[in-house]
>>> print(open('my_file-v3.cif').read())   # mmCIF, C-alpha atoms
data_final
loop_
_atom_site.label_atom_id
_atom_site.label_comp_id
_atom_site.auth_asym_id
_atom_site.auth_seq_id
_atom_site.Cartn_x
_atom_site.Cartn_y
_atom_site.Cartn_z
CA MET T 1 -9.91 2.45 -22.62
CA SER T 2 -6.65 3.71 -21.32
CA ILE T 3 -4.75 1.49 -18.91
CA ALA T 4 -3.89 4.35 -16.59
CA ARG T 5 -5.75 7.30 -15.17
CA LEU T 6 -4.58 10.37 -13.33
CA GLN T 7 -6.95 12.82 -11.77
CA VAL T 8 -6.22 16.12 -10.07
CA LEU T 9 -8.90 16.73 -7.46
CA GLY T 10 -10.39 20.18 -7.35
CA GLN T 11 -9.18 23.25 -9.19
CA PRO T 12 -5.39 23.58 -8.97
CA ARG T 13 -4.15 27.09 -8.17
CA VAL T 14 -0.49 28.01 -8.06
CA GLY T 15 0.78 27.55 -4.53
CA SER T 16 -2.14 25.53 -3.22
CA VAL T 17 -1.86 21.87 -2.31
CA VAL T 18 -4.04 19.51 -4.33
CA ARG T 19 -4.64 15.81 -4.19
CA VAL T 20 -3.69 13.71 -7.17
CA ARG T 21 -5.01 10.22 -7.81
CA LEU T 22 -3.22 7.71 -9.98
CA LEU T 23 -4.51 4.33 -11.03
CA ILE T 24 -2.68 1.96 -13.35
CA GLN T 25 -3.99 -1.32 -14.69
CA HIS T 26 -1.41 -3.99 -13.99
CA ALA T 27 -1.69 -7.54 -12.68
CA MET T 28 1.30 -7.08 -10.30
CA ASP T 29 2.05 -10.84 -10.35
CA THR T 30 3.85 -11.74 -7.14
CA GLY T 31 5.48 -14.93 -8.37
CA TYR T 32 3.80 -16.98 -5.62
CA LEU T 33 0.57 -17.79 -7.38
CA GLN T 34 -0.17 -20.53 -9.89
CA ASN T 35 -2.15 -20.34 -13.09
CA MET T 36 -4.95 -22.72 -14.11
CA SER T 37 -2.48 -25.43 -15.20
CA GLY T 38 -0.58 -25.33 -11.92
CA GLN T 39 2.49 -23.45 -13.12
CA TYR T 40 3.86 -20.53 -11.17
CA VAL T 41 3.23 -17.19 -12.78
CA PRO T 42 6.60 -15.43 -12.81
CA ARG T 43 6.94 -12.26 -10.78
CA ASN T 44 6.11 -9.18 -12.76
CA VAL T 45 5.38 -6.02 -10.83
CA ILE T 46 5.73 -2.36 -11.62
CA ASN T 47 8.95 -1.34 -9.90
CA LYS T 48 9.01 2.38 -10.58
CA ILE T 49 6.39 5.05 -11.15
CA THR T 50 7.25 8.71 -11.68
CA CYS T 51 4.99 11.70 -12.06
CA GLN T 52 6.42 14.84 -13.62
CA ALA T 53 4.81 18.24 -13.92
CA ASP T 54 6.39 19.86 -16.97
CA GLY T 55 9.51 17.74 -16.50
CA PHE T 56 9.86 18.32 -12.76
CA GLU T 57 9.42 15.23 -10.64
CA ILE T 58 6.54 15.68 -8.22
CA PHE T 59 6.06 12.10 -7.06
CA ARG T 60 7.96 8.89 -7.29
CA VAL T 61 7.19 5.49 -5.87
CA ASP T 62 9.06 2.19 -6.09
CA PRO T 63 6.39 -0.45 -5.54
CA SER T 64 7.06 -4.14 -4.99
CA SER T 65 4.85 -7.20 -4.91
CA GLY T 66 3.42 -5.77 -1.68
CA ILE T 67 1.28 -3.34 -3.64
CA ALA T 68 -2.10 -4.68 -4.72
CA ALA T 69 -3.00 -5.41 -8.33
CA ASN T 70 -3.95 -2.32 -10.31
CA PRO T 71 -1.77 -0.05 -8.18
CA TYR T 72 -3.51 3.02 -6.83
CA PHE T 73 -1.76 6.01 -5.32
CA GLU T 74 -3.10 9.23 -3.98
CA PHE T 75 -0.62 11.96 -3.14
CA SER T 76 -0.37 15.68 -2.57
CA TRP T 77 1.20 18.27 -4.81
CA ARG T 78 1.97 21.93 -4.25
CA VAL T 79 0.82 23.33 -7.55
CA THR T 80 3.29 25.00 -9.89
CA PRO T 81 2.38 26.53 -13.24
CA ALA T 82 2.42 23.41 -15.41
CA LYS T 83 0.48 22.34 -18.46
CA VAL T 84 0.82 18.56 -18.29
CA ILE T 85 1.51 15.84 -15.76
CA LYS T 86 3.45 13.03 -17.32
CA THR T 87 3.42 9.67 -15.60
CA ILE T 88 5.87 6.96 -16.59
CA TRP T 89 6.22 3.49 -15.18
CA ILE T 90 8.22 0.35 -15.85
CA ASP T 91 7.68 -3.23 -14.75
CA ASP T 92 9.99 -6.18 -14.14
CA ILE T 93 9.92 -7.49 -17.70
CA GLY T 94 10.71 -4.05 -19.01
CA VAL T 95 7.34 -2.92 -20.33
CA GLU T 96 7.17 0.84 -20.04
CA GLY T 97 4.02 2.88 -19.82
CA GLU T 98 3.39 6.55 -20.25
CA LEU T 99 0.40 8.68 -19.45
CA ILE T 100 0.15 12.35 -20.32
CA THR T 101 -2.56 14.28 -18.53
CA PRO T 102 -3.18 17.89 -19.53
CA ILE T 103 -4.09 20.07 -16.57
CA GLU T 104 -5.37 23.58 -16.21
CA VAL T 105 -3.70 25.61 -13.48
CA LEU T 106 -5.10 28.93 -12.33
CA ASP T 107 -2.75 31.71 -11.23
CA MET B 1 -46.22 -19.48 5.58
CA THR B 2 -43.40 -21.86 6.17
CA GLU B 3 -41.36 -20.06 3.56
CA SER B 4 -41.63 -16.66 5.17
CA THR B 5 -40.66 -18.16 8.51
CA THR B 6 -37.59 -19.72 6.97
CA VAL B 7 -36.58 -16.43 5.43
CA LYS B 8 -36.97 -14.67 8.74
CA ARG B 9 -34.97 -17.28 10.57
CA GLY B 10 -32.49 -17.34 7.78
CA GLY B 11 -32.07 -13.60 8.00
CA VAL B 12 -31.46 -13.58 11.73
CA GLY B 13 -29.29 -16.66 11.51
CA LEU B 14 -27.21 -15.14 8.77
CA LEU B 15 -26.47 -12.08 10.83
CA ASP B 16 -25.54 -14.19 13.82
CA ARG B 17 -23.48 -16.49 11.70
CA ARG B 18 -21.70 -13.59 10.12
CA ARG B 19 -20.90 -12.07 13.48
CA ALA B 20 -19.69 -15.42 14.76
CA LEU B 21 -17.56 -15.89 11.65
CA ILE B 22 -15.93 -12.50 12.08
CA GLN B 23 -15.18 -13.26 15.70
CA LEU B 24 -13.88 -16.70 14.85
CA SER B 25 -11.65 -15.46 12.08
CA ALA B 26 -10.35 -12.71 14.32
CA GLN B 27 -9.50 -15.28 16.95
CA LEU B 28 -7.95 -17.56 14.38
CA SER B 29 -5.80 -14.75 13.01
CA THR B 30 -4.68 -13.85 16.50
CA LEU B 31 -3.73 -17.47 17.00
CA THR B 32 -1.68 -17.38 13.81
CA VAL B 33 0.09 -14.29 15.09
CA LEU B 34 0.85 -16.06 18.32
CA GLY B 35 3.17 -18.49 16.65
CA ALA B 36 1.68 -20.94 14.20
CA LYS B 37 3.43 -20.98 10.86
CA GLY B 38 1.36 -20.17 7.77
CA GLY B 39 0.82 -23.73 6.56
CA ALA B 40 -0.81 -22.97 3.24
CA ALA B 41 1.71 -20.27 2.48
CA CYS B 42 4.65 -22.57 3.22
CA ALA B 43 3.10 -25.29 1.07
CA GLN B 44 3.38 -22.97 -1.90
CA GLY B 45 7.08 -22.44 -1.32
CA MET B 46 6.63 -18.99 0.11
CA TYR B 47 8.60 -18.03 3.17
CA SER B 48 6.18 -16.09 5.26
CA GLY B 49 5.80 -17.97 8.53
CA LYS B 50 8.25 -15.85 10.47
CA LEU B 51 7.14 -12.57 11.96
CA ARG B 52 9.96 -10.07 11.89
CA THR B 53 10.67 -7.80 14.81
CA LEU B 54 10.51 -4.04 14.51
CA ALA B 55 14.31 -3.83 14.67
CA GLU B 56 14.63 -6.35 11.85
CA LEU B 57 12.37 -4.19 9.72
CA ILE B 58 13.86 -0.80 10.49
CA ASP B 59 17.56 -1.37 11.10
CA PRO B 60 18.59 -2.20 7.51
CA ILE B 61 17.25 1.24 6.51
CA THR B 62 18.29 3.37 9.46
CA ASN B 63 21.71 1.71 9.85
CA GLY B 64 21.43 1.90 13.59
CA ALA B 65 20.22 5.50 13.77
CA GLN B 66 17.48 6.28 16.25
CA ALA B 67 13.92 6.14 14.92
CA SER B 68 11.20 7.68 17.05
CA LYS B 69 7.58 6.62 17.03
CA ALA B 70 6.03 10.01 16.47
CA ARG B 71 4.72 12.48 13.91
CA VAL B 72 3.80 9.81 11.37
CA GLN B 73 0.43 8.12 11.29
CA ILE B 74 -0.93 5.11 9.46
CA LYS B 75 -4.63 4.87 8.85
CA MET B 76 -6.05 1.52 7.84
CA PRO B 77 -8.78 -0.90 8.87
CA VAL B 78 -8.19 -2.95 12.02
CA LEU B 79 -9.77 -5.97 10.37
CA ALA B 80 -9.02 -6.53 6.70
CA ASP B 81 -11.22 -9.17 5.13
CA ASN B 82 -9.14 -9.64 2.02
CA GLY B 83 -5.37 -9.43 2.24
CA ASN B 84 -5.11 -8.92 -1.49
CA LEU B 85 -6.41 -5.40 -1.24
CA VAL B 86 -6.07 -3.36 1.92
CA GLY B 87 -6.48 0.39 1.75
CA LEU B 88 -3.83 2.30 3.67
CA GLY B 89 -3.12 5.95 4.32
CA ILE B 90 0.03 7.63 5.62
CA THR B 91 -0.01 11.14 7.01
CA SER B 92 2.57 13.12 8.90
CA THR B 93 2.90 16.41 10.72
CA LEU B 94 6.55 16.70 9.74
CA PRO B 95 7.38 19.97 7.94
CA MET B 96 7.64 20.03 4.16
CA LEU B 97 9.80 23.13 3.72
CA GLU B 98 12.65 23.94 1.38
CA HIS B 99 15.31 23.29 4.00
CA GLU B 100 13.64 20.48 5.90
CA TYR B 101 11.30 17.94 4.45
CA VAL B 102 10.40 14.29 4.37
CA GLN B 103 12.55 12.70 1.71
CA LYS B 104 11.41 9.11 1.70
CA ILE B 105 8.69 7.00 3.20
CA TYR B 106 9.22 3.28 3.46
CA LEU B 107 6.22 1.02 3.82
CA LEU B 108 7.31 -2.15 5.60
CA SER B 109 5.53 -5.40 6.29
CA GLN B 110 6.20 -7.73 9.17
CA ARG B 111 5.15 -10.94 7.45
CA ASN B 112 5.17 -10.43 3.68
CA PRO B 113 7.90 -12.26 1.73
CA VAL B 114 8.97 -8.86 0.40
CA VAL B 115 9.58 -6.58 3.38
CA GLN B 116 9.56 -3.24 1.58
CA MET B 117 6.10 -2.95 0.11
CA ALA B 118 6.82 0.44 -1.41
CA THR B 119 9.17 3.39 -1.16
CA PHE B 120 7.77 6.87 -1.70
CA TYR B 121 9.98 9.80 -2.69
CA LEU B 122 8.62 13.14 -1.56
CA GLY B 123 9.90 16.67 -1.26
CA PRO B 124 8.90 20.30 -0.68
CA TRP B 125 6.90 20.05 -3.91
CA SER B 126 4.54 17.64 -2.16
CA GLY B 127 3.29 20.32 0.22
CA GLU B 128 2.27 17.78 2.83
CA VAL B 129 2.72 14.12 3.65
CA ASN B 130 -0.54 12.43 2.77
CA ILE B 131 -0.39 9.25 0.75
CA ASN B 132 -3.08 6.68 0.14
CA THR B 133 -2.48 3.34 -1.50
CA ARG B 134 -3.61 -0.27 -1.48
CA VAL B 135 -1.35 -3.05 -0.27
CA ARG B 136 -1.23 -6.82 -0.13
CA LEU B 137 -0.81 -8.44 3.26
CA ALA B 138 0.19 -12.06 3.81
CA GLY B 139 -1.64 -12.56 7.07
CA SER B 140 -2.14 -10.67 10.31
CA GLN B 141 0.79 -8.53 11.20
CA PHE B 142 1.85 -4.98 11.90
CA VAL B 143 2.61 -2.57 9.13
CA VAL B 144 5.31 0.06 9.57
CA ALA B 145 5.63 3.41 7.81
CA LEU B 146 9.14 4.80 8.22
CA ALA B 147 9.80 8.40 7.22
CA GLN B 148 13.27 9.73 6.55
CA THR B 149 13.74 13.49 6.62
CA SER B 150 16.26 15.46 4.60
CA ARG B 151 18.27 15.94 7.80
CA GLY B 152 18.59 12.18 8.25
CA ALA B 153 16.12 11.78 11.12
CA PHE B 154 13.75 8.83 11.19
CA TYR B 155 10.15 8.71 12.37
CA TYR B 156 7.82 5.77 12.19
CA ASP B 157 4.40 4.48 13.02
CA GLN B 158 3.15 0.94 13.24
CA PHE B 159 -0.34 -0.44 12.91
CA ASP B 160 -1.66 -3.85 13.90
CA VAL B 161 -3.98 -5.34 11.33
CA ILE B 162 -5.89 -8.60 11.37
CA VAL B 163 -6.12 -10.18 7.94
CA THR B 164 -8.81 -12.81 7.49
CA GLU B 165 -7.75 -14.03 4.08
CA SER B 166 -4.07 -13.84 3.36
CA ALA B 167 -2.65 -12.61 0.06
CA CYS B 168 0.03 -14.62 -1.79
CA VAL B 169 -2.00 -17.80 -1.28
CA ASP B 170 -4.47 -19.26 -3.72
CA GLY B 171 -7.91 -19.55 -2.25
CA SER B 172 -8.72 -22.44 -4.57
#
>>> encode(input="my_file-v3.cif", output="structure tokens")
Amino acid sequence: MSIARLQVLGQPRVGSVVRVRLLIQHAMDTGYLQNMSGQYVPRNVINKITCQADGFEIFRVDPSSGIAANPYFEFSWRVTPAKVIKTIWIDDIGVEGELITPIEVLD
Amino acid sequence: MTESTTVKRGGVGLLDRRRALIQLSAQLSTLTVLGAKGGAACAQGMYSGKLRTLAELIDPITNGAQASKARVQIKMPVLADNGNLVGLGITSTLPMLEHEYVQKIYLLSQRNPVVQMATFYLGPWSGEVNINTRVRLAGSQFVVALAQTSRGAFYYDQFDVIVTESACVDGS
């Protein structure tokens, strides 16, 4: 199973505003919690998420440890003729993720 | 016969107990807000006892510019049972046009060790300001959403939330 999901709600038509849901699997370790052996788990959170529709940035968020594990975002987008939404994210230890979601936009 | 009676009593008692628990925890959380320092949190080396003022939250971002409490709205539960996962929505009636739009939205926490929970970058391509997310809250506090428009104006909203079980602290 993929570690990220992006869903465009409803049928996107050019010019209309649609809701987009994004869910990424990530522990978002705050650095304040201990593991089973009593050692602090170092901070490791996603610090940047970008969504691009055919290369044009439509949403960006810089989360911190204040965002819950498995970060979830729901945002609006005024639809442009695009074929894919590409989501990229990077966390504190430098692990990058990429999700490419093909979409079907009506004129 | 005894069994069924116990179940019945148990059922009623459970409801009552649950209601009492909710009330108690609400009162407890209010007490914590009133000035007690988060003991468990401090024990884990986390600095979260101090409640910041609104000015302390907003001023580093606005640099002294006026921020008005209007046109932005936070929607979230008044009582959050689990601070590790609190659903939160931000909406705004501010225009999202080519020449005037909301550029950034800062999500600020009064008590969390990290003040800026998230920064959202929006634009005319967003169509409207309507964001939902899930945050972690280290205890009862108010949450602030600060919107910055492309013309440099600031609008904010704050929301008081009671958190029964704080995030950033191990329950075990």
>>> atom_distance(input="my_file-v3.cif", atom1="atom CA of Ala118 of chain B", atom2="atom CA of Arg151 of chain B")
21.4 Å
>>> atom_distance(input="my_file-v3.cif", atom1="atom CA of Val41 of chain T", atom2="atom CA of Ile93 of chain T")
12.8 Å
>>> resolve_selection(input="my_file-v3.cif", expression="the PyMOL selection byres ((chain B) within 7 of (chain T))", output="list in words")
Met46, Asn84, Leu85, Val114, Met117, Ala118, Thr119, Phe120, Tyr121, Leu122, Trp125, Ser126, Gly127, Glu128, Asn130, Ile131, Asn132, Thr133, Arg134, Val135, Arg136, Cys168, Val169 and Asp170 of chain B
>>> residues_around(input="my_file-v3.cif", residues="Ala167 of chain B", least_positions_apart="4", cutoff="8 Å", atoms="only C-alpha atoms", output="JSON, numbers by chain")
{"B": [82, 83, 84, 136, 137, 138, 139]}
>>> write_last_selection(input="my_file-v3.cif", atoms="C-alpha atoms", output="tab-separated table (two decimals), in the coordinates of the input")
chain	number	residue	atom	x	y	z
B	82	ASN	CA	-9.14	-9.64	2.02
B	83	GLY	CA	-5.37	-9.43	2.24
B	84	ASN	CA	-5.11	-8.92	-1.49
B	136	ARG	CA	-1.23	-6.82	-0.13
B	137	LEU	CA	-0.81	-8.44	3.26
B	138	ALA	CA	0.19	-12.06	3.81
B	139	GLY	CA	-1.64	-12.56	7.07
>>> atom_distance(input="my_file-v3.cif", atom1="atom CA of Asp157 of chain B", atom2="atom CA of Glu98 of chain B")
24.1 Å
>>> resolve_selection(input="my_file-v3.cif", expression="the PyMOL selection byres ((chain B and resi 69) around 8)", output="PyMOL selection string")
chain B and resi 67-68+70-72+155-157
>>> write_last_selection(input="my_file-v3.cif", atoms="C-alpha atoms", output="PDB file, in the frame of the given file")
ATOM      1  CA  ALA B  67      13.920   6.140  14.920  1.00  0.00           C
ATOM      2  CA  SER B  68      11.200   7.680  17.050  1.00  0.00           C
ATOM      3  CA  ALA B  70       6.030  10.010  16.470  1.00  0.00           C
ATOM      4  CA  ARG B  71       4.720  12.480  13.910  1.00  0.00           C
ATOM      5  CA  VAL B  72       3.800   9.810  11.370  1.00  0.00           C
ATOM      6  CA  TYR B 155      10.150   8.710  12.370  1.00  0.00           C
ATOM      7  CA  TYR B 156       7.820   5.770  12.190  1.00  0.00           C
ATOM      8  CA  ASP B 157       4.400   4.480  13.020  1.00  0.00           C
TER       9      ASP B 157
END
>>> resolve_selection(input="my_file-v3.cif", expression="the PyMOL selection byres ((chain B and resi 144) around 12)", output="count of residues only")
42
>>> residues_near_point(input="my_file-v3.cif", point="(14.5, 11.6, 1.2)", cutoff="7 Å", atoms="only C-alpha atoms", output="JSON, numbers by chain")
{"B": [102, 103, 104, 121, 122, 148, 149, 150]}
>>> build_atoms(input="my_file-v3.cif", residues="segment 52-87 of chain T", atoms="N, CA and C atoms", output="tab-separated table (two decimals), in the coordinates of the input")
chain	number	residue	atom	x	y	z
T	52	GLN	N	5.70	13.59	-13.37
T	52	GLN	CA	6.42	14.84	-13.62
T	52	GLN	C	5.46	15.90	-14.08
T	53	ALA	N	5.59	17.09	-13.47
T	53	ALA	CA	4.81	18.24	-13.92
T	53	ALA	C	5.73	19.11	-14.74
T	54	ASP	N	5.51	19.14	-16.04
T	54	ASP	CA	6.39	19.86	-16.97
T	54	ASP	C	7.85	19.50	-16.73
T	55	GLY	N	8.13	18.21	-16.60
T	55	GLY	CA	9.51	17.74	-16.50
T	55	GLY	C	10.08	17.71	-15.09
T	56	PHE	N	9.37	18.31	-14.14
T	56	PHE	CA	9.86	18.32	-12.76
T	56	PHE	C	9.17	17.22	-11.97
T	57	GLU	N	9.99	16.39	-11.34
T	57	GLU	CA	9.42	15.23	-10.64
T	57	GLU	C	8.63	15.65	-9.41
T	58	ILE	N	7.36	15.29	-9.37
T	58	ILE	CA	6.54	15.68	-8.22
T	58	ILE	C	6.18	14.48	-7.35
T	59	PHE	N	6.38	13.29	-7.85
T	59	PHE	CA	6.06	12.10	-7.06
T	59	PHE	C	6.78	10.92	-7.68
T	60	ARG	N	7.35	10.11	-6.80
T	60	ARG	CA	7.96	8.89	-7.29
T	60	ARG	C	7.69	7.80	-6.29
T	61	VAL	N	7.39	6.61	-6.78
T	61	VAL	CA	7.19	5.49	-5.87
T	61	VAL	C	7.83	4.26	-6.50
T	62	ASP	N	8.51	3.48	-5.67
T	62	ASP	CA	9.06	2.19	-6.09
T	62	ASP	C	8.21	1.10	-5.45
T	63	PRO	N	7.20	0.60	-6.14
T	63	PRO	CA	6.39	-0.45	-5.54
T	63	PRO	C	7.09	-1.80	-5.64
T	64	SER	N	6.58	-2.76	-4.89
T	64	SER	CA	7.06	-4.14	-4.99
T	64	SER	C	5.83	-5.03	-5.07
T	65	SER	N	6.01	-6.30	-4.85
T	65	SER	CA	4.85	-7.20	-4.91
T	65	SER	C	3.89	-6.95	-3.75
T	66	GLY	N	4.29	-6.09	-2.80
T	66	GLY	CA	3.42	-5.77	-1.68
T	66	GLY	C	2.32	-4.79	-2.02
T	67	ILE	N	2.34	-4.25	-3.22
T	67	ILE	CA	1.28	-3.34	-3.64
T	67	ILE	C	0.25	-4.14	-4.44
T	68	ALA	N	-1.01	-3.88	-4.14
T	68	ALA	CA	-2.10	-4.68	-4.72
T	68	ALA	C	-2.16	-4.51	-6.24
T	69	ALA	N	-2.81	-5.49	-6.88
T	69	ALA	CA	-3.00	-5.41	-8.33
T	69	ALA	C	-3.72	-4.13	-8.69
T	70	ASN	N	-3.45	-3.62	-9.87
T	70	ASN	CA	-3.95	-2.32	-10.31
T	70	ASN	C	-3.57	-1.25	-9.30
T	71	PRO	N	-2.25	-0.96	-9.23
T	71	PRO	CA	-1.77	-0.05	-8.18
T	71	PRO	C	-2.46	1.32	-8.21
T	72	TYR	N	-2.81	1.76	-7.01
T	72	TYR	CA	-3.51	3.02	-6.83
T	72	TYR	C	-2.71	3.87	-5.85
T	73	PHE	N	-2.47	5.10	-6.22
T	73	PHE	CA	-1.76	6.01	-5.32
T	73	PHE	C	-2.47	7.34	-5.30
T	74	GLU	N	-2.51	7.90	-4.12
T	74	GLU	CA	-3.10	9.23	-3.98
T	74	GLU	C	-2.07	10.05	-3.22
T	75	PHE	N	-1.66	11.17	-3.78
T	75	PHE	CA	-0.62	11.96	-3.14
T	75	PHE	C	-0.94	13.45	-3.26
T	76	SER	N	-0.16	14.24	-2.56
T	76	SER	CA	-0.37	15.68	-2.57
T	76	SER	C	0.67	16.36	-3.45
T	77	TRP	N	0.28	17.51	-3.95
T	77	TRP	CA	1.20	18.27	-4.81
T	77	TRP	C	0.98	19.75	-4.59
T	78	ARG	N	2.07	20.47	-4.33
T	78	ARG	CA	1.97	21.93	-4.25
T	78	ARG	C	2.07	22.46	-5.68
T	79	VAL	N	0.99	23.06	-6.12
T	79	VAL	CA	0.82	23.33	-7.55
T	79	VAL	C	1.82	24.38	-8.05
T	80	THR	N	2.44	24.06	-9.17
T	80	THR	CA	3.29	25.00	-9.89
T	80	THR	C	2.66	25.21	-11.26
T	81	PRO	N	2.98	26.32	-11.92
T	81	PRO	CA	2.38	26.53	-13.24
T	81	PRO	C	2.87	25.46	-14.22
T	82	ALA	N	2.04	24.49	-14.50
T	82	ALA	CA	2.42	23.41	-15.41
T	82	ALA	C	1.25	23.12	-16.33
T	83	LYS	N	1.56	22.61	-17.49
T	83	LYS	CA	0.48	22.34	-18.46
T	83	LYS	C	0.13	20.85	-18.53
T	84	VAL	N	1.10	20.00	-18.25
T	84	VAL	CA	0.82	18.56	-18.29
T	84	VAL	C	1.47	17.86	-17.10
T	85	ILE	N	0.86	16.77	-16.70
T	85	ILE	CA	1.51	15.84	-15.76
T	85	ILE	C	1.79	14.58	-16.55
T	86	LYS	N	3.06	14.22	-16.57
T	86	LYS	CA	3.45	13.03	-17.32
T	86	LYS	C	3.80	11.94	-16.33
T	87	THR	N	3.18	10.80	-16.48
T	87	THR	CA	3.42	9.67	-15.60
T	87	THR	C	4.10	8.57	-16.41
